[in-house]
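Undergrad: As input, take my_file_37.cif (mmCIF, C-alpha atoms and all ligand atoms):
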```
data_work
#
loop_
_atom_site.label_atom_id
_atom_site.label_comp_id
_atom_site.auth_asym_id
_atom_site.auth_seq_id
_atom_site.Cartn_x
_atom_site.Cartn_y
_atom_site.Cartn_z
CA MET A 622 11.13 131.82 15.08
CA LYS A 623 13.56 134.74 14.90
CA LEU A 624 16.62 134.42 12.68
CA TRP A 625 19.05 134.56 15.61
CA GLN A 626 17.15 131.69 17.22
CA GLU A 627 17.63 129.62 14.08
CA ASN A 628 21.33 130.46 14.08
CA ILE A 629 22.12 129.22 17.55
CA LYS A 630 24.40 126.19 17.54
CA LYS A 631 22.40 123.29 18.91
CA ILE A 632 24.36 120.51 20.48
CA THR A 633 23.80 117.67 22.95
CA PRO A 634 26.37 118.30 25.66
CA TYR A 635 28.28 115.75 27.72
CA THR A 636 26.52 114.74 30.94
CA PRO A 637 28.98 114.42 33.82
CA GLY A 638 28.28 112.32 36.90
CA GLU A 639 26.29 114.04 39.63
CA GLN A 640 28.04 116.44 42.03
CA PRO A 641 25.44 116.51 44.83
CA GLU A 642 25.43 119.38 47.33
CA ASN A 643 24.95 116.89 50.17
CA LYS A 644 28.48 116.21 51.40
CA ASN A 645 27.28 113.35 53.61
CA ILE A 646 27.36 110.83 50.85
CA ILE A 647 29.82 108.20 49.73
CA LYS A 648 30.75 109.53 46.34
CA LEU A 649 31.93 106.79 43.99
CA ASN A 650 30.49 108.18 40.75
CA THR A 651 33.08 110.40 39.02
CA ASN A 652 36.43 108.65 39.55
CA GLU A 653 37.82 111.34 41.82
CA SER A 654 40.48 110.42 44.37
CA PRO A 655 39.21 109.75 47.89
CA TYR A 656 42.50 111.05 49.32
CA SER A 657 43.43 114.67 49.91
CA PRO A 658 46.04 116.28 47.67
CA SER A 659 49.71 116.12 48.67
CA PRO A 660 50.69 117.95 51.91
CA ASN A 661 53.00 120.00 49.65
CA VAL A 662 49.88 121.53 48.10
CA ILE A 663 48.43 122.43 51.48
CA ASN A 664 51.66 124.21 52.49
CA ALA A 665 51.96 126.05 49.19
CA LEU A 666 48.40 127.36 49.45
CA LYS A 667 48.88 128.42 53.08
CA ASN A 668 51.97 130.41 52.12
CA TYR A 669 50.56 131.84 48.90
CA ASN A 670 50.90 135.58 48.44
CA ILE A 671 47.35 136.64 47.59
CA ASN A 672 48.69 139.84 46.03
CA ASN A 673 49.92 137.69 43.11
CA LEU A 674 46.33 137.23 42.03
CA ARG A 675 46.43 140.79 40.62
CA LEU A 676 48.61 139.51 37.81
CA TYR A 677 47.81 137.36 34.82
CA PRO A 678 49.19 133.86 35.20
CA SER A 679 52.27 132.71 33.33
CA PHE A 680 51.14 131.46 29.94
CA VAL A 681 54.30 129.43 29.41
CA CYS A 682 53.78 127.56 32.74
CA ASP A 683 57.52 127.07 33.00
CA GLU A 684 57.67 125.75 36.57
CA LEU A 685 55.03 123.12 36.04
CA LYS A 686 56.60 122.01 32.77
CA THR A 687 59.99 121.75 34.50
CA GLU A 688 58.50 119.40 37.10
CA LEU A 689 56.84 117.31 34.41
CA THR A 690 60.18 116.89 32.59
CA LYS A 691 61.47 115.26 35.79
CA ILE A 692 58.84 112.52 35.71
CA TYR A 693 58.57 111.95 31.94
CA PRO A 694 61.39 111.69 29.39
CA VAL A 695 60.19 114.76 27.48
CA ASN A 696 61.33 118.34 26.89
CA LYS A 697 59.34 121.41 27.86
CA ASP A 698 58.41 122.09 24.24
CA GLU A 699 56.82 118.63 24.12
CA ILE A 700 54.29 119.49 26.84
CA PHE A 701 50.96 121.23 26.27
CA LEU A 702 49.01 122.25 29.38
CA GLY A 703 45.31 122.95 29.69
CA ASN A 704 42.40 123.53 32.01
CA GLY A 705 41.72 119.84 32.68
CA SER A 706 42.34 117.12 30.14
CA ASP A 707 38.86 117.75 28.76
CA GLU A 708 40.07 121.10 27.48
CA VAL A 709 43.30 119.56 26.21
CA LEU A 710 41.35 116.87 24.36
CA ALA A 711 38.87 119.41 22.98
CA LEU A 712 41.79 121.45 21.60
CA CYS A 713 43.41 118.30 20.19
CA PHE A 714 40.19 117.46 18.33
CA MET A 715 40.02 121.02 17.01
CA THR A 716 43.69 121.04 15.98
CA PHE A 717 44.28 117.56 14.59
CA PHE A 718 41.01 116.26 13.19
CA ASN A 719 40.44 118.42 10.16
CA SER A 720 40.22 116.03 7.23
CA LYS A 721 36.96 114.99 5.59
CA LYS A 722 37.66 111.40 6.68
CA SER A 723 35.99 109.92 9.74
CA ILE A 724 37.94 109.67 12.94
CA LEU A 725 37.71 106.33 14.76
CA PHE A 726 37.17 105.43 18.40
CA PRO A 727 35.55 102.49 20.23
CA ASP A 728 31.76 102.34 20.64
CA ILE A 729 32.23 102.01 24.38
CA THR A 730 34.58 104.70 25.58
CA TYR A 731 34.65 108.20 27.06
CA SER A 732 31.42 109.75 25.82
CA PHE A 733 32.86 113.26 25.45
CA TYR A 734 34.58 112.27 22.16
CA LYS A 735 31.26 112.20 20.29
CA VAL A 736 30.29 115.58 21.74
CA TRP A 737 33.46 117.24 20.42
CA CYS A 738 32.92 115.62 17.01
CA ASN A 739 29.44 117.10 16.90
CA LEU A 740 30.62 120.48 18.15
CA TYR A 741 33.35 120.78 15.50
CA ASN A 742 31.54 118.85 12.72
CA ILE A 743 34.18 116.13 12.68
CA PRO A 744 32.90 112.99 10.95
CA PHE A 745 33.40 109.89 13.13
CA LYS A 746 32.82 106.14 13.18
CA THR A 747 32.64 104.10 16.33
CA ILE A 748 34.24 100.67 16.25
CA PRO A 749 32.53 98.04 18.42
CA VAL A 750 34.68 96.56 21.18
CA ASP A 751 34.38 92.76 21.27
CA LYS A 752 32.00 90.81 23.51
CA ASN A 753 34.58 90.93 26.32
CA PHE A 754 34.83 94.72 25.83
CA LYS A 755 38.32 94.43 24.32
CA ILE A 756 39.58 96.79 21.60
CA ASN A 757 40.79 94.88 18.54
CA LYS A 758 43.78 96.69 17.00
CA GLU A 759 43.12 95.39 13.45
CA ASP A 760 39.81 97.29 13.42
CA TYR A 761 41.90 100.47 13.29
CA PHE A 762 44.00 99.44 10.28
CA LYS A 763 41.86 101.32 7.78
CA GLN A 764 41.39 104.77 6.27
CA ASN A 765 40.61 107.40 8.88
CA GLY A 766 40.98 111.05 9.79
CA GLY A 767 42.43 110.26 13.22
CA ILE A 768 42.09 107.78 16.08
CA VAL A 769 41.36 108.10 19.79
CA ILE A 770 42.12 105.24 22.18
CA THR A 771 41.52 105.56 25.92
CA ASN A 772 44.02 103.39 27.73
CA PRO A 773 42.95 101.94 30.10
CA ASN A 774 39.52 102.36 28.59
CA ALA A 775 36.61 104.02 30.40
CA PRO A 776 34.11 102.93 31.59
CA THR A 777 35.33 99.36 31.02
CA SER A 778 38.63 99.73 32.99
CA ILE A 779 40.38 97.39 30.54
CA TYR A 780 44.03 97.98 29.65
CA MET A 781 45.40 97.46 26.16
CA ASP A 782 49.03 96.47 25.84
CA THR A 783 51.11 99.37 24.52
CA SER A 784 52.62 97.11 21.81
CA GLU A 785 49.11 96.85 20.31
CA ILE A 786 48.73 100.63 20.29
CA GLU A 787 52.18 100.83 18.67
CA ASP A 788 50.79 98.62 15.88
CA ILE A 789 47.92 101.08 15.46
CA LEU A 790 50.44 103.95 15.28
CA LYS A 791 52.58 102.11 12.69
CA ASN A 792 49.55 101.38 10.52
CA ASN A 793 48.30 104.97 10.62
CA LYS A 794 51.36 107.06 9.88
CA SER A 795 49.39 109.83 8.22
CA SER A 796 46.84 110.39 10.97
CA ILE A 797 47.13 111.51 14.57
CA VAL A 798 46.51 108.89 17.23
CA ILE A 799 45.46 110.34 20.61
CA VAL A 800 45.99 108.03 23.57
CA ASP A 801 43.91 109.29 26.49
CA GLU A 802 45.78 108.05 29.57
CA ALA A 803 43.51 109.59 32.22
CA TYR A 804 43.79 106.41 34.34
CA ILE A 805 47.26 105.15 33.36
CA ASP A 806 48.81 105.56 36.82
CA PHE A 807 46.60 102.85 38.33
CA GLY A 808 48.39 99.96 36.64
CA GLY A 809 49.20 100.74 33.01
CA LYS A 810 52.35 101.72 31.15
CA THR A 811 52.42 105.22 29.69
CA MET A 812 53.43 105.76 26.06
CA ALA A 813 55.02 109.14 26.92
CA HIS A 814 58.52 107.87 26.06
CA LEU A 815 57.40 107.08 22.49
CA ILE A 816 56.41 110.59 21.36
CA ASN A 817 59.56 110.96 19.30
CA LYS A 818 59.49 107.44 17.91
CA TYR A 819 55.99 108.10 16.53
CA ASP A 820 55.43 111.60 15.19
CA ASN A 821 51.67 110.90 15.07
CA LEU A 822 51.33 110.09 18.80
CA VAL A 823 49.64 112.41 21.31
CA VAL A 824 49.46 111.22 24.93
CA VAL A 825 46.94 112.99 27.17
CA GLN A 826 46.95 112.83 30.97
CA THR A 827 45.26 114.56 33.90
CA TYR A 828 45.78 115.70 37.49
CA SER A 829 42.14 114.85 38.28
CA LYS A 830 42.48 111.17 39.16
CA SER A 831 45.79 109.83 40.51
CA ARG A 832 46.93 113.26 41.73
CA ALA A 833 43.70 114.01 43.58
CA LEU A 834 43.22 117.43 41.99
CA ALA A 835 40.01 117.30 39.97
CA GLY A 836 39.02 120.67 41.45
CA ILE A 837 41.98 122.60 40.07
CA ARG A 838 41.46 121.47 36.43
CA VAL A 839 44.88 120.65 35.03
CA GLY A 840 45.59 118.28 32.18
CA TYR A 841 48.32 117.97 29.57
CA ALA A 842 49.30 116.48 26.26
CA LEU A 843 52.74 115.07 25.52
CA ALA A 844 53.72 115.01 21.85
CA ASN A 845 56.57 116.05 19.57
CA SER A 846 57.29 119.77 19.48
CA GLU A 847 55.66 120.27 16.07
CA LEU A 848 52.32 118.95 17.36
CA VAL A 849 52.63 120.89 20.62
CA SER A 850 53.33 124.06 18.69
CA ALA A 851 50.18 123.49 16.59
CA LEU A 852 48.16 123.05 19.79
CA GLU A 853 49.67 126.24 21.25
CA SER A 854 48.66 128.22 18.15
CA VAL A 855 45.07 127.03 18.34
CA LYS A 856 44.90 127.65 22.09
CA ASN A 857 46.39 131.14 21.71
CA SER A 858 43.75 131.92 19.12
CA PHE A 859 41.13 131.15 21.73
CA ASN A 860 42.45 131.97 25.23
CA SER A 861 46.12 132.39 26.13
CA TYR A 862 45.63 132.03 29.87
CA THR A 863 43.83 128.72 30.23
CA LEU A 864 45.72 127.70 33.37
CA ASN A 865 45.23 130.04 36.33
CA SER A 866 48.04 130.89 38.78
CA LEU A 867 46.70 128.77 41.64
CA SER A 868 46.25 125.73 39.41
CA GLN A 869 49.82 126.06 38.16
CA LEU A 870 51.15 126.32 41.70
CA VAL A 871 49.09 123.44 43.06
CA ALA A 872 49.95 121.12 40.16
CA THR A 873 53.65 122.00 40.42
CA GLU A 874 53.72 121.15 44.13
CA ALA A 875 51.76 117.93 43.65
CA THR A 876 54.16 116.77 40.92
CA LYS A 877 57.13 117.13 43.26
CA ASP A 878 55.66 114.75 45.84
CA THR A 879 56.18 111.37 44.19
CA GLN A 880 56.23 109.55 47.52
CA TYR A 881 52.73 110.66 48.51
CA PHE A 882 51.50 110.01 44.97
CA ASN A 883 52.77 106.40 45.08
CA LEU A 884 51.27 105.87 48.52
CA CYS A 885 47.77 106.95 47.38
CA VAL A 886 47.93 104.93 44.16
CA ASP A 887 48.98 101.81 46.11
CA LYS A 888 46.13 102.23 48.58
CA ILE A 889 43.62 102.54 45.73
CA LYS A 890 45.01 99.45 43.98
CA SER A 891 44.76 97.41 47.15
CA SER A 892 41.16 98.51 47.89
CA ARG A 893 40.34 97.78 44.24
CA GLN A 894 41.46 94.17 44.59
CA TRP A 895 39.60 93.80 47.87
CA THR A 896 36.38 95.18 46.32
CA ILE A 897 36.63 92.98 43.23
CA ASN A 898 37.03 89.87 45.41
CA GLU A 899 34.08 90.83 47.62
CA LEU A 900 31.83 91.60 44.67
CA ASN A 901 32.75 88.43 42.84
CA ASN A 902 31.98 86.43 46.00
CA LEU A 903 28.51 87.98 45.83
CA GLY A 904 27.99 86.68 42.30
CA PHE A 905 29.21 89.76 40.39
CA SER A 906 31.40 89.48 37.35
CA THR A 907 33.97 92.29 37.31
CA LEU A 908 36.30 93.20 34.48
CA ASP A 909 40.04 93.23 35.09
CA SER A 910 40.67 96.82 36.19
CA ARG A 911 43.79 98.93 35.75
CA THR A 912 41.95 102.10 36.78
CA ASN A 913 40.60 103.73 39.95
CA PHE A 914 37.19 102.29 39.17
CA ILE A 915 35.66 98.93 38.39
CA PHE A 916 33.06 97.84 35.88
CA THR A 917 30.84 95.11 37.18
CA THR A 918 27.61 93.23 36.52
CA ASN A 919 25.48 90.66 38.28
CA LYS A 920 23.05 88.60 36.24
CA ASN A 921 20.73 88.23 39.26
CA ILE A 922 20.33 91.96 40.01
CA ASP A 923 19.18 94.65 37.62
CA ALA A 924 21.98 97.24 37.42
CA LYS A 925 19.67 100.26 37.46
CA TYR A 926 17.79 98.89 40.47
CA LEU A 927 21.01 98.41 42.43
CA PHE A 928 22.22 101.89 41.42
CA GLU A 929 18.97 103.42 42.69
CA LYS A 930 18.92 101.40 45.92
CA LEU A 931 22.50 102.43 46.69
CA LYS A 932 21.56 106.06 46.07
CA GLU A 933 18.77 105.74 48.63
CA LYS A 934 21.52 104.72 51.04
CA ASN A 935 23.56 107.81 50.05
CA ILE A 936 26.09 105.81 48.04
CA TYR A 937 26.53 107.26 44.55
CA ILE A 938 27.93 105.10 41.76
CA ARG A 939 27.56 105.46 37.97
CA TYR A 940 24.93 103.83 35.78
CA PHE A 941 24.89 104.29 31.99
CA ASP A 942 21.53 103.76 30.33
CA LYS A 943 23.17 102.82 27.04
CA PRO A 944 23.09 99.78 24.77
CA ARG A 945 25.60 97.01 25.63
CA ILE A 946 26.42 98.42 29.08
CA ASN A 947 23.03 98.98 30.71
CA GLN A 948 23.50 95.96 32.97
CA HIS A 949 26.88 97.16 34.19
CA LEU A 950 27.82 99.56 36.97
CA ARG A 951 30.91 101.72 37.23
CA ILE A 952 32.17 102.11 40.76
CA THR A 953 35.01 104.45 41.72
CA ILE A 954 37.46 103.05 44.26
CA GLY A 955 37.16 105.12 47.43
CA THR A 956 38.92 104.64 50.75
CA GLN A 957 38.97 101.12 52.19
CA GLU A 958 36.35 102.23 54.73
CA GLN A 959 34.05 103.52 51.99
CA MET A 960 34.41 100.28 50.03
CA GLU A 961 33.53 98.26 53.12
CA LYS A 962 30.38 100.37 53.54
CA LEU A 963 29.53 99.82 49.88
CA ILE A 964 29.84 96.05 50.16
CA LYS A 965 27.78 96.05 53.37
CA ALA A 966 25.05 98.08 51.62
CA ILE A 967 25.06 95.76 48.58
CA LYS A 968 24.72 92.73 50.87
CA GLU A 969 21.72 94.36 52.59
CA ILE A 970 20.07 95.14 49.24
CA ILE A 971 20.61 91.60 47.95
CA LYS A 972 19.23 90.13 51.18
CA LYS A 973 16.10 92.32 51.12
CA THR A 974 15.51 91.64 47.42
CA SER A 975 15.74 87.87 47.79
CA ILE A 976 13.34 87.84 50.79
CA SER A 977 10.66 90.00 49.17
C1 LIG A 1001 38.80 108.93 29.83
C2 LIG A 1001 38.76 110.30 30.39
N1 LIG A 1001 39.42 111.28 29.76
C3 LIG A 1001 39.41 112.54 30.21
C4 LIG A 1001 38.69 112.87 31.34
C5 LIG A 1001 38.66 114.32 31.77
O1 LIG A 1001 39.33 114.57 32.93
P1 LIG A 1001 39.71 116.04 33.39
O2 LIG A 1001 39.06 117.01 32.46
O3 LIG A 1001 39.21 116.15 34.78
O4 LIG A 1001 41.21 116.11 33.31
C6 LIG A 1001 37.98 111.90 32.04
C7 LIG A 1001 37.20 112.26 33.23
O5 LIG A 1001 36.47 111.54 33.82
C8 LIG A 1001 38.01 110.58 31.55
O6 LIG A 1001 37.32 109.61 32.13
#
```
Have the structure of the file written as structure tokens, please.

TA:
Amino acid sequence: MKLWQENIKKITPYTPGEQPENKNIIKLNTNESPYSPSPNVINALKNYNINNLRLYPSFVCDELKTELTKIYPVNKDEIFLGNGSDEVLALCFMTFFNSKKSILFPDITYSFYKVWCNLYNIPFKTIPVDKNFKINKEDYFKQNGGIVITNPNAPTSIYMDTSEIEDILKNNKSSIVIVDEAYIDFGGKTMAHLINKYDNLVVVQTYSKSRALAGIRVGYALANSELVSALESVKNSFNSYTLNSLSQLVATEATKDTQYFNLCVDKIKSSRQWTINELNNLGFSTLDSRTNFIFTTNKNIDAKYLFEKLKEKNIYIRYFDKPRINQHLRITIGTQEQMEKLIKAIKEIIKKTSIS
């Protein structure tokens, strides 16, 4: 082996859900929104002056930050923007988790956290969630180099009361606690208003789920200005222009349209309840969801089998071949029509399986 081959950084990357080329599928596998972005976005893109693409984008992202200050009680210097919340989280890990102590996060949570730890050589310990998949706050009252809590958690969909996360913050004053709120708009309470009460709190959110803009890659962190300034320094040592001009424009326009946003979120919540009821009537046991997906199991049907059978019918959901959750399925909430097709397909599969 040549020396340069030995020196290559070897890492096991994150595996995202499939993005099949076939557009004729019902895609319920990556928690995207089934609804189109706000009509504001469509108008802004139609009227966009293409000549602007000659120029570098704004690296202060002033317009987008201004819109965000209208929906959260924060100042512009308390907002850090990035190319999707994955990039924001990656930069948070790089910026805040630099001690020799292990950072802590649940054993069942967003699987990218482990990948960043391995990439940056951050020691970590996973803390098992209980048998009902709940995070126990006391498990985080111990020495650590930082904490990450996804609220509501993924892929379990379970919400943790913010007062419990406040207890984690109070018991960990000398380490940074990141609260990943990717799914908060579907029924949770954001902790954004607490960033000045707790100087160790970093709240991370995304435009990919509730704002139907996974394709433009915009995410952000809300934290006190000292933490945001540290994030800016690390980002500017890497790439100053992470957010392109079109993404900034699209996200700004989407943020303005709160009415459309609320309408889409309400539709998703109502289809979520409908789907949970239907599944539970079919013998499934589904966790209480505050997200745009559900996490469900049925002791009479093997989860992987059902996942594969649905795929044969062009319905894509998510299966994790991992300990503790390999009999569960994660299903994104699509349109009501898509969910009705899903339930119909599951009924057909169950019927065929019980006859044969
Ligand atoms: C918990 C959680 N955090 C962060 C992300 C990343 O989202 P994005 O990079 O699209 O903003 C996801 C995406 O699925 C997620 O599930």

Undergrad: Write out as JSON an axis-aligned box for ligand LIG 1001 (chain A): all of its atoms listed in the file, 5 Å added on each side, centre and edge lengths in Å with one decimal.

TA:
```
{"center_x": 38.8, "center_y": 113.0, "center_z": 32.3, "size_x": 14.7, "size_y": 18.1, "size_z": 15.0}
```

Undergrad: If we count only C-alpha atoms, what is near range 943-957 of chain A at a cut-off of 8 Å, once residues fewer than 6 positions away on the same chain are taken out, given as JSON, numbers by chain?

TA: {"A": [648, 649, 650, 651, 652, 653, 654, 655, 656, 776, 777, 888, 889, 892, 893, 913, 914, 915, 916, 917, 918, 919, 923, 924, 925, 928]}

Undergrad: For Ala872 in chain A, which of A:Tyr828, A:Trp895, A:Phe905, A:Tyr669 is the closest residue, counting only C-alpha atoms?

TA: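 Smallest separation from Ala872 in chain A among the options: A:Tyr828.
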
Undergrad: Just want the residues within 8 Å of ligand LIG 1001 (chain A), written as an MDAnalysis selection string, counting only C-alpha atoms and all ligand atoms.

TA: chainID A and resid 651:652 704:710 730:731 771:772 774:776 801:804 826:830 835 838:840

Undergrad: In Å, rounded to a single decimal, give me how far CA of Gln959 in chain A is from CA of Asp887 in chain A.

TA: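 Result for CA of Asp887 in chain A versus CA of Gln959 in chain A: 16.1 Å, one decimal.
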
Undergrad: Kindly add N, CA and C atoms to the incomplete range 845-879 of chain A and provide the output as an mmCIF file, keeping the file's coordinate frame.

TA:
```cif
data_model
loop_
_atom_site.group_PDB
_atom_site.id
_atom_site.type_symbol
_atom_site.label_atom_id
_atom_site.label_comp_id
_atom_site.auth_asym_id
_atom_site.auth_seq_id
_atom_site.Cartn_x
_atom_site.Cartn_y
_atom_site.Cartn_z
ATOM 1 N N ASN A 845 55.366 115.384 20.094
ATOM 2 C CA ASN A 845 56.570 116.050 19.570
ATOM 3 C C ASN A 845 56.320 117.557 19.430
ATOM 4 N N SER A 846 57.422 118.314 19.371
ATOM 5 C CA SER A 846 57.290 119.770 19.480
ATOM 6 C C SER A 846 56.466 120.382 18.340
ATOM 7 N N GLU A 847 56.441 119.734 17.193
ATOM 8 C CA GLU A 847 55.660 120.270 16.070
ATOM 9 C C GLU A 847 54.154 120.216 16.415
ATOM 10 N N LEU A 848 53.739 119.087 16.995
ATOM 11 C CA LEU A 848 52.320 118.950 17.360
ATOM 12 C C LEU A 848 51.970 119.885 18.518
ATOM 13 N N VAL A 849 52.890 120.001 19.476
ATOM 14 C CA VAL A 849 52.630 120.890 20.620
ATOM 15 C C VAL A 849 52.519 122.335 20.133
ATOM 16 N N SER A 850 53.368 122.691 19.204
ATOM 17 C CA SER A 850 53.330 124.060 18.690
ATOM 18 C C SER A 850 51.999 124.333 17.963
ATOM 19 N N ALA A 851 51.487 123.319 17.252
ATOM 20 C CA ALA A 851 50.180 123.490 16.590
ATOM 21 C C ALA A 851 49.080 123.680 17.638
ATOM 22 N N LEU A 852 49.161 122.902 18.714
ATOM 23 C CA LEU A 852 48.160 123.050 19.790
ATOM 24 C C LEU A 852 48.244 124.434 20.433
ATOM 25 N N GLU A 853 49.482 124.898 20.643
ATOM 26 C CA GLU A 853 49.670 126.240 21.250
ATOM 27 C C GLU A 853 49.035 127.311 20.366
ATOM 28 N N SER A 854 49.221 127.191 19.048
ATOM 29 C CA SER A 854 48.660 128.220 18.150
ATOM 30 C C SER A 854 47.147 128.241 18.242
ATOM 31 N N VAL A 855 46.540 127.062 18.269
ATOM 32 C CA VAL A 855 45.070 127.030 18.340
ATOM 33 C C VAL A 855 44.614 127.591 19.687
ATOM 34 N N LYS A 856 45.276 127.156 20.756
ATOM 35 C CA LYS A 856 44.900 127.650 22.090
ATOM 36 C C LYS A 856 45.038 129.178 22.165
ATOM 37 N N ASN A 857 46.148 129.694 21.633
ATOM 38 C CA ASN A 857 46.390 131.140 21.710
ATOM 39 C C ASN A 857 45.483 131.941 20.780
ATOM 40 N N SER A 858 44.745 131.238 19.947
ATOM 41 C CA SER A 858 43.750 131.920 19.120
ATOM 42 C C SER A 858 42.395 131.915 19.823
ATOM 43 N N PHE A 859 42.380 131.396 21.014
ATOM 44 C CA PHE A 859 41.130 131.150 21.730
ATOM 45 C C PHE A 859 41.194 131.782 23.123
ATOM 46 N N ASN A 860 42.266 131.432 23.876
ATOM 47 C CA ASN A 860 42.450 131.970 25.230
ATOM 48 C C ASN A 860 43.883 131.638 25.640
ATOM 49 N N SER A 861 44.709 132.666 25.820
ATOM 50 C CA SER A 861 46.120 132.390 26.130
ATOM 51 C C SER A 861 46.313 131.913 27.555
ATOM 52 N N TYR A 862 45.404 132.334 28.442
ATOM 53 C CA TYR A 862 45.630 132.030 29.870
ATOM 54 C C TYR A 862 44.672 130.947 30.353
ATOM 55 N N THR A 863 44.798 129.757 29.831
ATOM 56 C CA THR A 863 43.830 128.720 30.230
ATOM 57 C C THR A 863 44.117 128.212 31.641
ATOM 58 N N LEU A 864 45.372 128.262 32.058
ATOM 59 C CA LEU A 864 45.720 127.700 33.370
ATOM 60 C C LEU A 864 45.947 128.822 34.376
ATOM 61 N N ASN A 865 45.088 128.924 35.392
ATOM 62 C CA ASN A 865 45.230 130.040 36.330
ATOM 63 C C ASN A 865 46.409 129.838 37.277
ATOM 64 N N SER A 866 46.815 130.915 37.962
ATOM 65 C CA SER A 866 48.040 130.890 38.780
ATOM 66 C C SER A 866 47.975 129.830 39.871
ATOM 67 N N LEU A 867 46.812 129.725 40.542
ATOM 68 C CA LEU A 867 46.700 128.770 41.640
ATOM 69 C C LEU A 867 46.794 127.336 41.119
ATOM 70 N N SER A 868 46.178 127.076 39.999
ATOM 71 C CA SER A 868 46.250 125.730 39.410
ATOM 72 C C SER A 868 47.693 125.367 39.074
ATOM 73 N N GLN A 869 48.412 126.328 38.522
ATOM 74 C CA GLN A 869 49.820 126.060 38.160
ATOM 75 C C GLN A 869 50.627 125.721 39.410
ATOM 76 N N LEU A 870 50.411 126.530 40.457
ATOM 77 C CA LEU A 870 51.150 126.320 41.700
ATOM 78 C C LEU A 870 50.829 124.953 42.312
ATOM 79 N N VAL A 871 49.548 124.678 42.422
ATOM 80 C CA VAL A 871 49.090 123.440 43.060
ATOM 81 C C VAL A 871 49.604 122.219 42.274
ATOM 82 N N ALA A 872 49.490 122.261 40.969
ATOM 83 C CA ALA A 872 49.950 121.120 40.160
ATOM 84 C C ALA A 872 51.463 120.948 40.268
ATOM 85 N N THR A 873 52.180 122.068 40.304
ATOM 86 C CA THR A 873 53.650 122.000 40.420
ATOM 87 C C THR A 873 54.024 121.311 41.731
ATOM 88 N N GLU A 874 53.389 121.735 42.822
ATOM 89 C CA GLU A 874 53.720 121.150 44.130
ATOM 90 C C GLU A 874 53.331 119.681 44.192
ATOM 91 N N ALA A 875 52.197 119.327 43.631
ATOM 92 C CA ALA A 875 51.760 117.930 43.650
ATOM 93 C C ALA A 875 52.742 117.046 42.873
ATOM 94 N N THR A 876 53.248 117.570 41.763
ATOM 95 C CA THR A 876 54.160 116.770 40.920
ATOM 96 C C THR A 876 55.443 116.434 41.658
ATOM 97 N N LYS A 877 55.859 117.341 42.543
ATOM 98 C CA LYS A 877 57.130 117.130 43.260
ATOM 99 C C LYS A 877 57.023 115.961 44.245
ATOM 100 N N ASP A 878 55.811 115.709 44.744
ATOM 101 C CA ASP A 878 55.660 114.750 45.840
ATOM 102 C C ASP A 878 55.372 113.342 45.317
ATOM 103 N N THR A 879 56.402 112.701 44.775
ATOM 104 C CA THR A 879 56.180 111.370 44.190
ATOM 105 C C THR A 879 55.877 110.326 45.257
#
```
